[in-house]
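Okay, data_32.cif is below, mmCIF, C-alpha atoms and all ligand atoms:
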```
data_data
loop_
_atom_site.label_atom_id
_atom_site.label_comp_id
_atom_site.auth_asym_id
_atom_site.auth_seq_id
_atom_site.Cartn_x
_atom_site.Cartn_y
_atom_site.Cartn_z
CA MET A 209 0.00 0.00 0.00
CA THR A 210 1.20 3.51 -0.83
CA ASP A 211 2.40 5.47 2.17
CA MET A 212 -0.11 8.31 2.61
CA LYS A 213 2.71 10.59 3.68
CA ASP A 214 4.16 10.42 0.16
CA LYS A 215 0.86 11.28 -1.44
CA TYR A 216 -0.64 13.84 0.96
CA ILE A 217 0.50 16.15 3.75
CA GLN A 218 0.15 14.58 7.18
CA VAL A 219 -0.59 17.38 9.67
CA THR A 220 -1.08 15.30 12.83
CA GLU A 221 -1.63 11.60 13.49
CA ASN A 222 -5.33 12.13 12.71
CA VAL A 223 -5.23 14.82 10.05
CA PHE A 224 -4.20 14.83 6.39
CA THR A 225 -4.47 17.67 3.93
CA THR A 226 -3.77 18.06 0.22
CA LEU A 227 -4.14 20.41 -2.70
CA ALA A 228 -7.55 19.47 -4.11
CA THR A 229 -6.39 19.25 -7.68
CA ARG A 230 -4.78 16.94 -10.17
CA LYS A 231 -1.01 16.74 -10.26
CA GLU A 232 -0.72 18.41 -13.66
CA PHE A 233 -2.23 21.62 -12.28
CA ARG A 234 0.02 21.87 -9.25
CA GLY A 235 2.34 24.82 -9.39
CA ASP A 236 -0.26 26.66 -11.48
CA LEU A 237 -1.29 29.36 -9.01
CA ARG A 238 -4.82 29.94 -10.27
CA PRO A 239 -7.18 29.80 -7.25
CA ALA A 240 -8.98 26.59 -8.11
CA ASN A 241 -5.63 24.80 -8.20
CA THR A 242 -4.49 25.96 -4.78
CA SER A 243 -7.56 25.22 -2.62
CA LEU A 244 -7.06 22.58 0.04
CA MET A 245 -9.03 19.51 1.03
CA THR A 246 -8.59 18.11 4.54
CA CYS A 247 -9.49 14.90 6.35
CA ILE A 248 -9.88 14.80 10.15
CA SER A 249 -10.18 11.38 11.77
CA LEU A 250 -12.48 11.33 14.82
CA PRO A 251 -12.84 8.19 17.02
CA GLY A 252 -15.57 6.55 14.92
CA GLU A 253 -15.76 8.58 11.71
CA LEU A 254 -13.97 10.70 9.16
CA VAL A 255 -14.82 14.34 8.59
CA PHE A 256 -13.65 16.18 5.49
CA VAL A 257 -13.26 19.93 5.14
CA ASP A 258 -13.83 21.34 1.62
CA CYS A 259 -13.52 19.19 -1.50
CA GLY A 260 -12.19 21.35 -4.33
CA MET A 261 -13.56 21.11 -7.86
CA ASN A 262 -12.05 17.92 -9.19
CA ILE A 263 -14.42 14.98 -8.69
CA ALA A 264 -11.87 12.27 -9.57
CA PHE A 265 -9.31 13.66 -7.14
CA ALA A 266 -11.80 14.20 -4.28
CA LYS A 267 -12.96 10.59 -4.71
CA GLU A 268 -9.41 9.25 -4.60
CA PHE A 269 -8.57 11.23 -1.45
CA ARG A 270 -11.74 10.08 0.31
CA GLU A 271 -11.10 6.43 -0.60
CA ASP A 272 -7.46 6.61 0.47
CA MET A 273 -8.39 8.14 3.82
CA GLU A 274 -11.15 5.59 4.47
CA LYS A 275 -8.65 2.80 3.78
CA HIS A 276 -5.86 4.37 5.83
CA PHE A 277 -7.98 5.01 8.93
CA ALA A 278 -10.35 2.05 8.36
CA LYS A 279 -13.30 4.34 9.06
CA LYS A 280 -16.32 5.60 7.18
CA THR A 281 -16.98 9.22 6.32
CA SER A 282 -19.76 11.01 8.21
CA HIS A 283 -19.47 14.65 7.11
CA LEU A 284 -18.11 17.04 4.55
CA ILE A 285 -17.85 20.56 5.99
CA LEU A 286 -17.74 23.43 3.49
CA THR A 287 -15.92 26.53 4.75
CA HIS A 288 -17.92 28.77 2.38
CA MET A 289 -19.87 28.46 -0.83
CA HIS A 290 -17.30 29.40 -3.46
CA GLU A 291 -16.97 27.00 -6.39
CA ASP A 292 -13.31 26.24 -5.80
CA HIS A 293 -14.22 24.71 -2.41
CA PHE A 294 -17.37 22.73 -3.15
CA MET A 295 -17.79 21.76 -6.82
CA ALA A 296 -16.67 18.17 -6.18
CA MET A 297 -19.26 17.55 -3.44
CA GLU A 298 -20.94 14.89 -5.58
CA VAL A 299 -18.35 12.57 -4.02
CA PHE A 300 -19.99 13.18 -0.59
CA LYS A 301 -23.68 13.01 -1.51
CA ASP A 302 -24.12 9.97 0.78
CA VAL A 303 -23.02 11.84 3.94
CA LYS A 304 -23.95 15.05 5.75
CA ILE A 305 -22.74 18.06 3.81
CA VAL A 306 -22.50 20.90 6.31
CA ALA A 307 -22.47 24.49 5.08
CA PRO A 308 -23.35 27.97 6.37
CA GLU A 309 -27.06 28.64 5.76
CA ILE A 310 -26.32 32.14 4.50
CA GLY A 311 -24.01 30.75 1.80
CA VAL A 312 -26.51 28.09 0.78
CA GLU A 313 -29.12 30.83 0.32
CA ILE A 314 -26.71 32.81 -1.88
CA ILE A 315 -26.04 29.94 -4.31
CA LYS A 316 -29.57 28.51 -4.21
CA PRO A 317 -30.97 30.37 -7.27
CA ASP A 318 -27.99 29.34 -9.44
CA VAL A 319 -28.15 25.71 -8.33
CA LEU A 320 -31.93 25.30 -8.65
CA SER A 321 -31.98 26.84 -12.11
CA PRO A 322 -28.52 27.41 -13.51
CA PRO A 323 -28.49 30.57 -15.65
CA GLU A 324 -28.43 29.80 -19.38
CA ASP A 325 -24.94 31.20 -19.72
CA ILE A 326 -23.43 29.89 -16.48
CA HIS A 327 -21.22 27.51 -18.47
CA ILE A 328 -19.98 30.37 -20.56
CA GLN A 329 -19.48 32.57 -17.50
CA LEU A 330 -17.43 29.89 -15.79
CA ALA A 331 -15.57 28.82 -18.89
CA LYS A 332 -14.59 32.41 -19.56
CA ASN A 333 -13.17 32.67 -16.11
CA ALA A 334 -10.00 30.93 -17.20
CA GLU A 335 -7.89 33.20 -15.03
CA GLU A 336 -9.33 31.45 -11.98
CA TYR A 337 -9.93 27.98 -13.33
CA SER A 338 -7.53 26.01 -15.46
CA ASP A 339 -10.02 23.19 -15.57
CA SER A 340 -13.21 24.96 -16.59
CA ALA A 341 -14.20 21.99 -18.79
CA GLU A 342 -14.56 19.88 -15.66
CA ILE A 343 -16.80 22.48 -14.00
CA VAL A 344 -18.97 22.74 -17.06
CA SER A 345 -19.46 18.97 -17.17
CA THR A 346 -20.25 18.94 -13.42
CA ILE A 347 -23.05 21.43 -14.03
CA ASN A 348 -24.24 19.79 -17.26
CA ASN A 349 -24.47 16.41 -15.55
CA GLY A 350 -26.55 17.83 -12.72
CA LEU A 351 -23.85 17.09 -10.15
CA TRP A 352 -24.29 20.50 -8.59
CA PHE A 353 -26.74 20.52 -5.69
CA LEU A 354 -27.43 22.19 -2.37
CA PRO A 355 -25.67 21.00 0.82
CA ASN A 356 -28.09 18.85 2.85
CA THR A 357 -27.06 20.15 6.31
CA PRO A 358 -27.12 23.94 6.47
CA TYR A 359 -26.54 25.54 9.90
CA ALA A 360 -27.08 29.07 11.16
CA ASN A 361 -24.04 30.36 13.07
CA GLU A 362 -22.33 27.55 14.89
CA MET A 363 -22.32 23.77 14.93
CA THR A 364 -20.38 21.06 16.74
CA ILE A 365 -19.50 17.61 15.38
CA GLY A 366 -17.84 14.68 17.13
CA PRO A 367 -17.70 13.08 20.58
CA GLU A 368 -16.59 14.77 23.79
CA GLY A 369 -12.91 15.59 23.78
CA HIS A 370 -12.73 15.42 19.97
CA GLU A 371 -15.26 18.12 19.04
CA LEU A 372 -14.96 20.07 15.83
CA VAL A 373 -16.46 23.51 16.34
CA ILE A 374 -17.64 25.22 13.16
CA LYS A 375 -18.38 28.95 13.23
CA VAL A 376 -19.51 31.50 10.68
CA THR A 377 -17.51 34.73 10.92
CA GLY A 378 -17.67 36.49 7.55
CA GLY A 379 -14.57 38.30 6.30
CA HIS A 380 -13.58 36.96 2.89
CA SER A 381 -17.26 36.32 2.09
CA LYS A 382 -20.49 36.75 4.07
CA ASP A 383 -20.59 33.02 4.72
CA SER A 384 -16.91 32.48 5.58
CA SER A 385 -16.49 30.06 8.46
CA TYR A 386 -13.75 28.15 10.23
CA ILE A 387 -13.35 24.76 11.87
CA TYR A 388 -11.55 24.40 15.20
CA SER A 389 -10.24 21.20 16.77
CA ALA A 390 -8.81 21.71 20.28
CA LYS A 391 -7.67 18.07 20.29
CA GLU A 392 -5.56 18.43 17.12
CA LYS A 393 -4.57 22.06 17.90
CA LEU A 394 -5.88 22.87 14.48
CA VAL A 395 -7.94 25.48 12.65
CA CYS A 396 -9.15 25.21 9.06
CA THR A 397 -9.32 28.89 8.20
CA GLY A 398 -11.23 28.85 4.93
CA ASP A 399 -10.34 31.80 2.70
CA ASN A 400 -9.89 34.25 5.59
CA ILE A 401 -6.27 33.11 5.35
CA VAL A 402 -4.50 32.14 2.13
CA SER A 403 -0.80 31.46 1.85
CA SER A 404 -0.41 31.15 -1.91
CA TYR A 405 -1.21 34.77 -2.71
CA ALA A 406 -2.40 38.05 -1.17
CA GLN A 407 -5.15 37.96 1.46
CA TYR A 408 -8.58 38.57 -0.01
CA VAL A 409 -10.71 39.86 2.89
CA PHE A 410 -13.14 42.74 2.96
CA ASP A 411 -14.82 42.92 6.36
CA PRO A 412 -13.11 44.75 9.26
CA LEU A 413 -14.49 42.09 11.63
CA VAL A 414 -11.83 39.76 10.26
CA ILE A 415 -9.32 41.44 12.60
CA ASP A 416 -11.30 40.06 15.55
CA VAL A 417 -11.25 36.61 13.96
CA TYR A 418 -7.44 36.74 13.63
CA ARG A 419 -7.11 37.93 17.22
CA HIS A 420 -9.31 35.08 18.39
CA TRP A 421 -7.20 32.52 16.52
CA GLU A 422 -4.05 34.02 18.02
CA SER A 423 -5.57 33.45 21.49
CA LEU A 424 -6.20 29.72 20.85
CA ASP A 425 -3.78 26.90 21.64
CA VAL A 426 -3.36 26.08 17.95
CA GLU A 427 -0.26 24.95 16.06
CA HIS A 428 -1.63 24.22 12.60
CA PHE A 429 -3.69 26.62 10.52
CA ILE A 430 -4.82 24.92 7.31
CA THR A 431 -5.45 27.80 4.93
CA GLY A 432 -8.11 28.16 2.23
CA HIS A 433 -5.43 28.19 -0.47
CA GLY A 434 -1.77 27.20 -0.43
CA SER A 435 -0.56 25.25 2.58
CA ILE A 436 -0.40 25.12 6.36
CA VAL A 437 0.79 28.14 8.34
CA ASP A 438 1.66 28.80 11.96
CA LYS A 439 0.37 31.38 14.42
CA LYS A 440 3.10 33.83 13.44
CA PHE A 441 1.65 33.98 9.93
CA ILE A 442 -1.80 34.80 11.39
CA SER A 443 -0.25 37.57 13.52
CA ASN A 444 1.55 38.94 10.46
CA VAL A 445 -1.71 39.08 8.53
CA ARG A 446 -3.49 40.80 11.41
CA LYS A 447 -0.68 43.34 11.91
CA TYR A 448 -0.53 44.06 8.19
CA PHE A 449 -4.23 44.90 8.02
CA GLU A 450 -4.12 46.99 11.20
CA GLU A 451 -1.26 49.05 9.75
CA LEU A 452 -2.92 49.21 6.35
CA PHE A 453 -6.19 50.52 7.84
CA SER A 454 -4.52 53.26 9.87
CA THR A 455 -2.36 54.35 6.90
CA LEU A 456 -5.32 54.36 4.50
CA LYS A 457 -7.30 56.51 6.95
CA GLN A 458 -4.44 59.03 7.02
CA LEU A 459 -4.14 59.04 3.23
CA LYS A 460 -7.88 59.57 2.93
CA LYS A 461 -7.51 62.76 4.95
CA GLN A 462 -4.91 63.90 2.40
CA ASN A 463 -7.34 63.12 -0.44
CA ILE A 464 -4.87 60.91 -2.29
CA PRO A 465 -6.58 59.79 -5.54
CA LEU A 466 -7.67 56.15 -5.73
CA ALA A 467 -5.44 55.51 -8.75
CA GLU A 468 -2.33 56.36 -6.73
CA ILE A 469 -3.23 54.53 -3.57
CA ALA A 470 -1.91 51.02 -4.19
CA THR A 471 1.62 52.26 -4.87
CA HIS A 472 1.74 54.96 -2.21
CA PRO A 473 5.11 54.92 -0.38
CA ASP A 474 3.45 55.27 3.06
CA LEU A 475 1.71 51.88 2.75
CA PRO A 476 3.04 49.07 4.95
CA GLU A 477 5.08 46.40 3.17
CA TYR A 478 2.96 43.28 2.58
CA PHE A 479 4.70 40.60 4.68
CA GLY A 480 3.73 37.92 2.15
CA ARG A 481 6.32 39.28 -0.27
CA LYS A 482 8.97 37.68 1.94
CA GLU A 483 7.15 34.35 2.15
CA LYS A 484 8.05 31.32 0.09
CA GLY A 485 5.94 31.07 -3.05
CA TRP A 486 5.38 34.81 -3.55
CA VAL A 487 5.65 35.76 -7.21
CA GLU A 488 6.15 39.49 -7.63
CA GLY A 489 3.79 40.59 -10.37
CA GLY A 490 1.91 37.28 -10.46
CA ALA A 491 -1.75 38.06 -11.12
CA MET A 492 -3.06 36.66 -7.85
CA HIS A 493 -0.32 38.34 -5.85
CA THR A 494 0.21 41.92 -6.88
CA LYS A 495 -3.11 42.37 -8.65
CA TRP A 496 -5.18 41.02 -5.76
CA LEU A 497 -3.22 43.03 -3.26
CA GLU A 498 -3.83 46.23 -5.23
CA PHE A 499 -7.50 45.41 -5.54
CA VAL A 500 -7.85 44.74 -1.82
CA ILE A 501 -6.05 47.99 -0.92
CA LYS A 502 -8.36 49.99 -3.22
CA VAL A 503 -11.52 48.37 -1.82
CA TRP A 504 -10.45 49.18 1.74
CA TYR A 505 -9.48 52.75 0.80
CA GLU A 506 -12.93 53.37 -0.60
CA LYS A 507 -14.50 52.07 2.62
CA PHE A 508 -12.86 54.70 4.80
CA THR A 509 -14.45 58.12 4.97
ZN ZN B 601 -13.49 31.97 -1.41
ZN ZN B 602 -11.15 29.91 -2.43
#
```

Show me the file's structure as structure tokens.
Amino acid sequence: MTDMKDKYIQVTENVFTTLATRKEFRGDLRPANTSLMTCISLPGELVFVDCGMNIAFAKEFREDMEKHFAKKTSHLILTHMHEDHFMAMEVFKDVKIVAPEIGVEIIKPDVLSPPEDIHIQLAKNAEEYSDSAEIVSTINNGLWFLPNTPYANEMTIGPEGHELVIKVTGGHSKDSSYIYSAKEKLVCTGDNIVSSYAQYVFDPLVIDVYRHWESLDVEHFITGHGSIVDKKFISNVRKYFEELFSTLKQLKKQNIPLAEIATHPDLPEYFGRKEKGWVEGGAMHTKWLEFVIKVWYEKFT
């Protein structure tokens, strides 16, 4: 039998994670190729967090984990309802698919009656998806459906001492949530933290989320995209946004035009530029960072 450590990233004795994409797309930094899929083994069941967009890969990971732990899957938890995290959920239609109610409501109209041109919309979005053909066939084959276990704000799964606490916080999207395991000293952050390119968050409340994570006894933060980071990374993200907000407020007072804001010399240096994997000028790095800075600048009055 293949050693799972060669195939996937083992985070703790009971947790594996992996890029939720086929090998040929690895190293291609488009978002759908960098989202993560995680398996947490509880005493009598397996719980997965997010499933990416690639049905064949999600199936293989699930089967490998069920074999490795000799347990059955009970839940798939979706951190938020963005395509790059849930399009392969067909693989989990036999178990509870847990998702924030607010996110389920947002995608409901598109799932119940996909817009005529949704295939074209998605296929056009080649900057985000290198495998748009797969998404189109998922939709065409009716393999896109609503999660069967929506929850309002918070939910707990698993027996005493092994609980997974799931909470909706907002931040990156209205329905952004995270999963916390005290036992594994682990948080699955969803897209409120990404390590493969610039942070993509738009709600000031996210600072409180980061502060809360910093207060937890957690060693492993499995990000929405990229890899696993430590608490220092979370602190760096929080400090960056705190500095960014105070600088942008000052610049607003000086009426700096929006077009000049992203390159203003007073802005704090984005810490991610020093991290492994940063590509200066790569679309999802520099471009997203500029976009995020502009959105925040426009928020401040
Ligand atoms: Zn997202
Ligand atoms: Zn994402």

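Nearest to Ser443 (chain A) of all the residues A:Ile401, A:Ala470, A:Cys259, A:Val500 is A:Ile401, counting all atoms listed in the file.
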
Distance table requested - chain A against ligand ZN 602 (chain B), cut-off 10 Å, only C-alpha atoms and all ligand atoms: one row per qualifying residue with the closest atom pair and its distance in Å to one decimal, ordered by chain and rising residue number, as a Markdown table.
```
| residue | atom | partner | partner_atom | distance |
| --- | --- | --- | --- | --- |
| A:Pro239 | CA | B:ZN602 | ZN | 6.2 |
| A:Ala240 | CA | B:ZN602 | ZN | 6.9 |
| A:Asn241 | CA | B:ZN602 | ZN | 9.5 |
| A:Thr242 | CA | B:ZN602 | ZN | 8.1 |
| A:Ser243 | CA | B:ZN602 | ZN | 5.9 |
| A:Leu244 | CA | B:ZN602 | ZN | 8.7 |
| A:Asp258 | CA | B:ZN602 | ZN | 9.9 |
| A:Gly260 | CA | B:ZN602 | ZN | 8.8 |
| A:Thr287 | CA | B:ZN602 | ZN | 9.3 |
| A:His288 | CA | B:ZN602 | ZN | 8.4 |
| A:Met289 | CA | B:ZN602 | ZN | 9.0 |
| A:His290 | CA | B:ZN602 | ZN | 6.3 |
| A:Glu291 | CA | B:ZN602 | ZN | 7.6 |
| A:Asp292 | CA | B:ZN602 | ZN | 5.4 |
| A:His293 | CA | B:ZN602 | ZN | 6.0 |
| A:Phe294 | CA | B:ZN602 | ZN | 9.5 |
| A:Glu336 | CA | B:ZN602 | ZN | 9.8 |
| A:His380 | CA | B:ZN602 | ZN | 9.2 |
| A:Ser381 | CA | B:ZN602 | ZN | 9.9 |
| A:Gly398 | CA | B:ZN602 | ZN | 7.4 |
| A:Asp399 | CA | B:ZN602 | ZN | 5.5 |
| A:Asn400 | CA | B:ZN602 | ZN | 9.2 |
| A:Ile401 | CA | B:ZN602 | ZN | 9.7 |
| A:Val402 | CA | B:ZN602 | ZN | 8.4 |
| A:Tyr408 | CA | B:ZN602 | ZN | 9.4 |
| A:Thr431 | CA | B:ZN602 | ZN | 9.5 |
| A:Gly432 | CA | B:ZN602 | ZN | 5.8 |
| A:His433 | CA | B:ZN602 | ZN | 6.3 |
| A:Gly434 | CA | B:ZN602 | ZN | 10.0 |
```

Can you spit out the residues from that selection as a PDB file, in the coordinates of the input, using C-alpha atoms?
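Writing done, so here's selection25.pdb:
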```
ATOM      1  CA  PRO A 239      -7.180  29.800  -7.250  1.00  0.00           C
ATOM      2  CA  ALA A 240      -8.980  26.590  -8.110  1.00  0.00           C
ATOM      3  CA  ASN A 241      -5.630  24.800  -8.200  1.00  0.00           C
ATOM      4  CA  THR A 242      -4.490  25.960  -4.780  1.00  0.00           C
ATOM      5  CA  SER A 243      -7.560  25.220  -2.620  1.00  0.00           C
ATOM      6  CA  LEU A 244      -7.060  22.580   0.040  1.00  0.00           C
ATOM      7  CA  ASP A 258     -13.830  21.340   1.620  1.00  0.00           C
ATOM      8  CA  GLY A 260     -12.190  21.350  -4.330  1.00  0.00           C
ATOM      9  CA  THR A 287     -15.920  26.530   4.750  1.00  0.00           C
ATOM     10  CA  HIS A 288     -17.920  28.770   2.380  1.00  0.00           C
ATOM     11  CA  MET A 289     -19.870  28.460  -0.830  1.00  0.00           C
ATOM     12  CA  HIS A 290     -17.300  29.400  -3.460  1.00  0.00           C
ATOM     13  CA  GLU A 291     -16.970  27.000  -6.390  1.00  0.00           C
ATOM     14  CA  ASP A 292     -13.310  26.240  -5.800  1.00  0.00           C
ATOM     15  CA  HIS A 293     -14.220  24.710  -2.410  1.00  0.00           C
ATOM     16  CA  PHE A 294     -17.370  22.730  -3.150  1.00  0.00           C
ATOM     17  CA  GLU A 336      -9.330  31.450 -11.980  1.00  0.00           C
ATOM     18  CA  HIS A 380     -13.580  36.960   2.890  1.00  0.00           C
ATOM     19  CA  SER A 381     -17.260  36.320   2.090  1.00  0.00           C
ATOM     20  CA  GLY A 398     -11.230  28.850   4.930  1.00  0.00           C
ATOM     21  CA  ASP A 399     -10.340  31.800   2.700  1.00  0.00           C
ATOM     22  CA  ASN A 400      -9.890  34.250   5.590  1.00  0.00           C
ATOM     23  CA  ILE A 401      -6.270  33.110   5.350  1.00  0.00           C
ATOM     24  CA  VAL A 402      -4.500  32.140   2.130  1.00  0.00           C
ATOM     25  CA  TYR A 408      -8.580  38.570  -0.010  1.00  0.00           C
ATOM     26  CA  THR A 431      -5.450  27.800   4.930  1.00  0.00           C
ATOM     27  CA  GLY A 432      -8.110  28.160   2.230  1.00  0.00           C
ATOM     28  CA  HIS A 433      -5.430  28.190  -0.470  1.00  0.00           C
ATOM     29  CA  GLY A 434      -1.770  27.200  -0.430  1.00  0.00           C
TER      30      GLY A 434
END
```

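Proximity to Glu498 (chain A) was assessed for A:Gln407, A:Ile464, A:Pro308, A:Ser454 counting all atoms listed in the file; the smallest distance is recorded for A:Gln407.
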
If you take only C-alpha atoms and a cut-off of 12 Å, which residues of region 237-353 of chain A touch region 209-232 of chain A, and what are their nearest atom pairs and distances in Å to one decimal, in chain and number order, as JSON lines?
```
{"residue": "A:Leu237", "atom": "CA", "partner": "A:Leu227", "partner_atom": "CA", "distance": 11.3}
{"residue": "A:Arg238", "atom": "CA", "partner": "A:Thr229", "partner_atom": "CA", "distance": 11.1}
{"residue": "A:Pro239", "atom": "CA", "partner": "A:Thr229", "partner_atom": "CA", "distance": 10.6}
{"residue": "A:Ala240", "atom": "CA", "partner": "A:Thr229", "partner_atom": "CA", "distance": 7.8}
{"residue": "A:Asn241", "atom": "CA", "partner": "A:Thr229", "partner_atom": "CA", "distance": 5.6}
{"residue": "A:Thr242", "atom": "CA", "partner": "A:Leu227", "partner_atom": "CA", "distance": 5.9}
{"residue": "A:Ser243", "atom": "CA", "partner": "A:Leu227", "partner_atom": "CA", "distance": 5.9}
{"residue": "A:Leu244", "atom": "CA", "partner": "A:Leu227", "partner_atom": "CA", "distance": 4.6}
{"residue": "A:Met245", "atom": "CA", "partner": "A:Ala228", "partner_atom": "CA", "distance": 5.3}
{"residue": "A:Thr246", "atom": "CA", "partner": "A:Thr225", "partner_atom": "CA", "distance": 4.2}
{"residue": "A:Cys247", "atom": "CA", "partner": "A:Phe224", "partner_atom": "CA", "distance": 5.3}
{"residue": "A:Ile248", "atom": "CA", "partner": "A:Val223", "partner_atom": "CA", "distance": 4.7}
{"residue": "A:Ser249", "atom": "CA", "partner": "A:Asn222", "partner_atom": "CA", "distance": 5.0}
{"residue": "A:Leu250", "atom": "CA", "partner": "A:Asn222", "partner_atom": "CA", "distance": 7.5}
{"residue": "A:Pro251", "atom": "CA", "partner": "A:Asn222", "partner_atom": "CA", "distance": 9.5}
{"residue": "A:Gly252", "atom": "CA", "partner": "A:Asn222", "partner_atom": "CA", "distance": 11.9}
{"residue": "A:Glu253", "atom": "CA", "partner": "A:Asn222", "partner_atom": "CA", "distance": 11.1}
{"residue": "A:Leu254", "atom": "CA", "partner": "A:Asn222", "partner_atom": "CA", "distance": 9.4}
{"residue": "A:Val255", "atom": "CA", "partner": "A:Val223", "partner_atom": "CA", "distance": 9.7}
{"residue": "A:Phe256", "atom": "CA", "partner": "A:Thr225", "partner_atom": "CA", "distance": 9.4}
{"residue": "A:Val257", "atom": "CA", "partner": "A:Thr225", "partner_atom": "CA", "distance": 9.2}
{"residue": "A:Asp258", "atom": "CA", "partner": "A:Ala228", "partner_atom": "CA", "distance": 8.7}
{"residue": "A:Cys259", "atom": "CA", "partner": "A:Ala228", "partner_atom": "CA", "distance": 6.5}
{"residue": "A:Gly260", "atom": "CA", "partner": "A:Ala228", "partner_atom": "CA", "distance": 5.0}
{"residue": "A:Met261", "atom": "CA", "partner": "A:Ala228", "partner_atom": "CA", "distance": 7.3}
{"residue": "A:Asn262", "atom": "CA", "partner": "A:Thr229", "partner_atom": "CA", "distance": 6.0}
{"residue": "A:Ile263", "atom": "CA", "partner": "A:Thr229", "partner_atom": "CA", "distance": 9.2}
{"residue": "A:Ala264", "atom": "CA", "partner": "A:Arg230", "partner_atom": "CA", "distance": 8.5}
{"residue": "A:Phe265", "atom": "CA", "partner": "A:Thr229", "partner_atom": "CA", "distance": 6.3}
{"residue": "A:Ala266", "atom": "CA", "partner": "A:Ala228", "partner_atom": "CA", "distance": 6.8}
{"residue": "A:Lys267", "atom": "CA", "partner": "A:Ala228", "partner_atom": "CA", "distance": 10.4}
{"residue": "A:Glu268", "atom": "CA", "partner": "A:Ala228", "partner_atom": "CA", "distance": 10.4}
{"residue": "A:Phe269", "atom": "CA", "partner": "A:Thr226", "partner_atom": "CA", "distance": 8.5}
{"residue": "A:Arg270", "atom": "CA", "partner": "A:Phe224", "partner_atom": "CA", "distance": 10.8}
{"residue": "A:Glu271", "atom": "CA", "partner": "A:Met212", "partner_atom": "CA", "distance": 11.6}
{"residue": "A:Asp272", "atom": "CA", "partner": "A:Met212", "partner_atom": "CA", "distance": 7.8}
{"residue": "A:Met273", "atom": "CA", "partner": "A:Phe224", "partner_atom": "CA", "distance": 8.3}
{"residue": "A:Glu274", "atom": "CA", "partner": "A:Met212", "partner_atom": "CA", "distance": 11.5}
{"residue": "A:Lys275", "atom": "CA", "partner": "A:Met209", "partner_atom": "CA", "distance": 9.8}
{"residue": "A:His276", "atom": "CA", "partner": "A:Met212", "partner_atom": "CA", "distance": 7.7}
{"residue": "A:Phe277", "atom": "CA", "partner": "A:Asn222", "partner_atom": "CA", "distance": 8.5}
{"residue": "A:Lys279", "atom": "CA", "partner": "A:Asn222", "partner_atom": "CA", "distance": 11.7}
{"residue": "A:Asp292", "atom": "CA", "partner": "A:Ala228", "partner_atom": "CA", "distance": 9.0}
{"residue": "A:His293", "atom": "CA", "partner": "A:Ala228", "partner_atom": "CA", "distance": 8.7}
{"residue": "A:Phe294", "atom": "CA", "partner": "A:Ala228", "partner_atom": "CA", "distance": 10.4}
{"residue": "A:Met295", "atom": "CA", "partner": "A:Ala228", "partner_atom": "CA", "distance": 10.8}
{"residue": "A:Ala296", "atom": "CA", "partner": "A:Ala228", "partner_atom": "CA", "distance": 9.4}
{"residue": "A:Met297", "atom": "CA", "partner": "A:Ala228", "partner_atom": "CA", "distance": 11.9}
{"residue": "A:Tyr337", "atom": "CA", "partner": "A:Thr229", "partner_atom": "CA", "distance": 11.0}
{"residue": "A:Ser338", "atom": "CA", "partner": "A:Glu232", "partner_atom": "CA", "distance": 10.4}
{"residue": "A:Asp339", "atom": "CA", "partner": "A:Thr229", "partner_atom": "CA", "distance": 9.5}
{"residue": "A:Glu342", "atom": "CA", "partner": "A:Thr229", "partner_atom": "CA", "distance": 11.4}
```

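When only C-alpha atoms are used to measure the gap to Gly480 (chain A), the shortest distance among A:Tyr448, A:Phe499, A:Tyr386, A:Trp421 belongs to A:Tyr448.
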
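Separating CA of Ser321 (chain A) from CA of Gly378 (chain A) is a distance of 26.2 Å.
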
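Nearest to ligand ZN 601 (chain B) of all the residues A:Lys301, A:Lys382, A:Arg234, A:Lys280 is A:Lys382, based on only C-alpha atoms and all ligand atoms.
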
task = Please determine the residues with any atom at most 12 Å from (-23.9, 33.3, 10.5) (coordinates as given in the file, with only C-alpha atoms counting) and report them as JSON, numbers by chain.
result = {"A": [287, 288, 307, 308, 309, 310, 311, 312, 313, 358, 359, 360, 361, 362, 363, 374, 375, 376, 377, 378, 379, 381, 382, 383, 384, 385, 386]}

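Coordinates place CA of Gly235 (chain A) at a distance of 18.2 Å from CA of Ile430 (chain A).
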
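The gap separating CA of Trp352 (chain A) from CA of Leu320 (chain A) is 9.0 Å, in Å to one decimal.
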
query = Smallest atom-to-atom distance to Ser389 (chain A): which of A:Val306, A:Leu497, A:Met492, A:Leu424, using all atoms listed in the file?
reply = A:Leu424

Enclose the full set of atoms of region 399-411 of chain A listed in the file within a box whose edges lie along x, y and z, apply 5 Å of padding to each of the six sides, and report centre and edge lengths in Å to one decimal as JSON.
```
{"center_x": -7.6, "center_y": 37.0, "center_z": 1.8, "size_x": 24.4, "size_y": 21.8, "size_z": 19.1}
```

key: Nearest to Gly350 (chain A), chosen from A:Asn463, A:Glu298, A:Val303, A:Glu477, with all atoms listed in the file counted in the distances   = A:Glu298

request  = Identify, on the basis of all atoms listed in the file, every residue whose closest approach to region 449-453 of chain A does not exceed 9 Å; exclude the query and any residue fewer than 3 positions from it along the same chain; express the result as a VMD selection string.
outcome  = chain A and resid 412 415 444 to 446 456 to 458 475 to 476 501 504 to 505 508

Prev. selection, C-alpha atoms, output as a CSV table (one decimal), in the frame of the given file:
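In the end it all went to selection.csv:
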```
chain,number,residue,atom,x,y,z
A,412,PRO,CA,-13.1,44.8,9.3
A,415,ILE,CA,-9.3,41.4,12.6
A,444,ASN,CA,1.6,38.9,10.5
A,445,VAL,CA,-1.7,39.1,8.5
A,446,ARG,CA,-3.5,40.8,11.4
A,456,LEU,CA,-5.3,54.4,4.5
A,457,LYS,CA,-7.3,56.5,7.0
A,458,GLN,CA,-4.4,59.0,7.0
A,475,LEU,CA,1.7,51.9,2.8
A,476,PRO,CA,3.0,49.1,5.0
A,501,ILE,CA,-6.0,48.0,-0.9
A,504,TRP,CA,-10.4,49.2,1.7
A,505,TYR,CA,-9.5,52.8,0.8
A,508,PHE,CA,-12.9,54.7,4.8
```
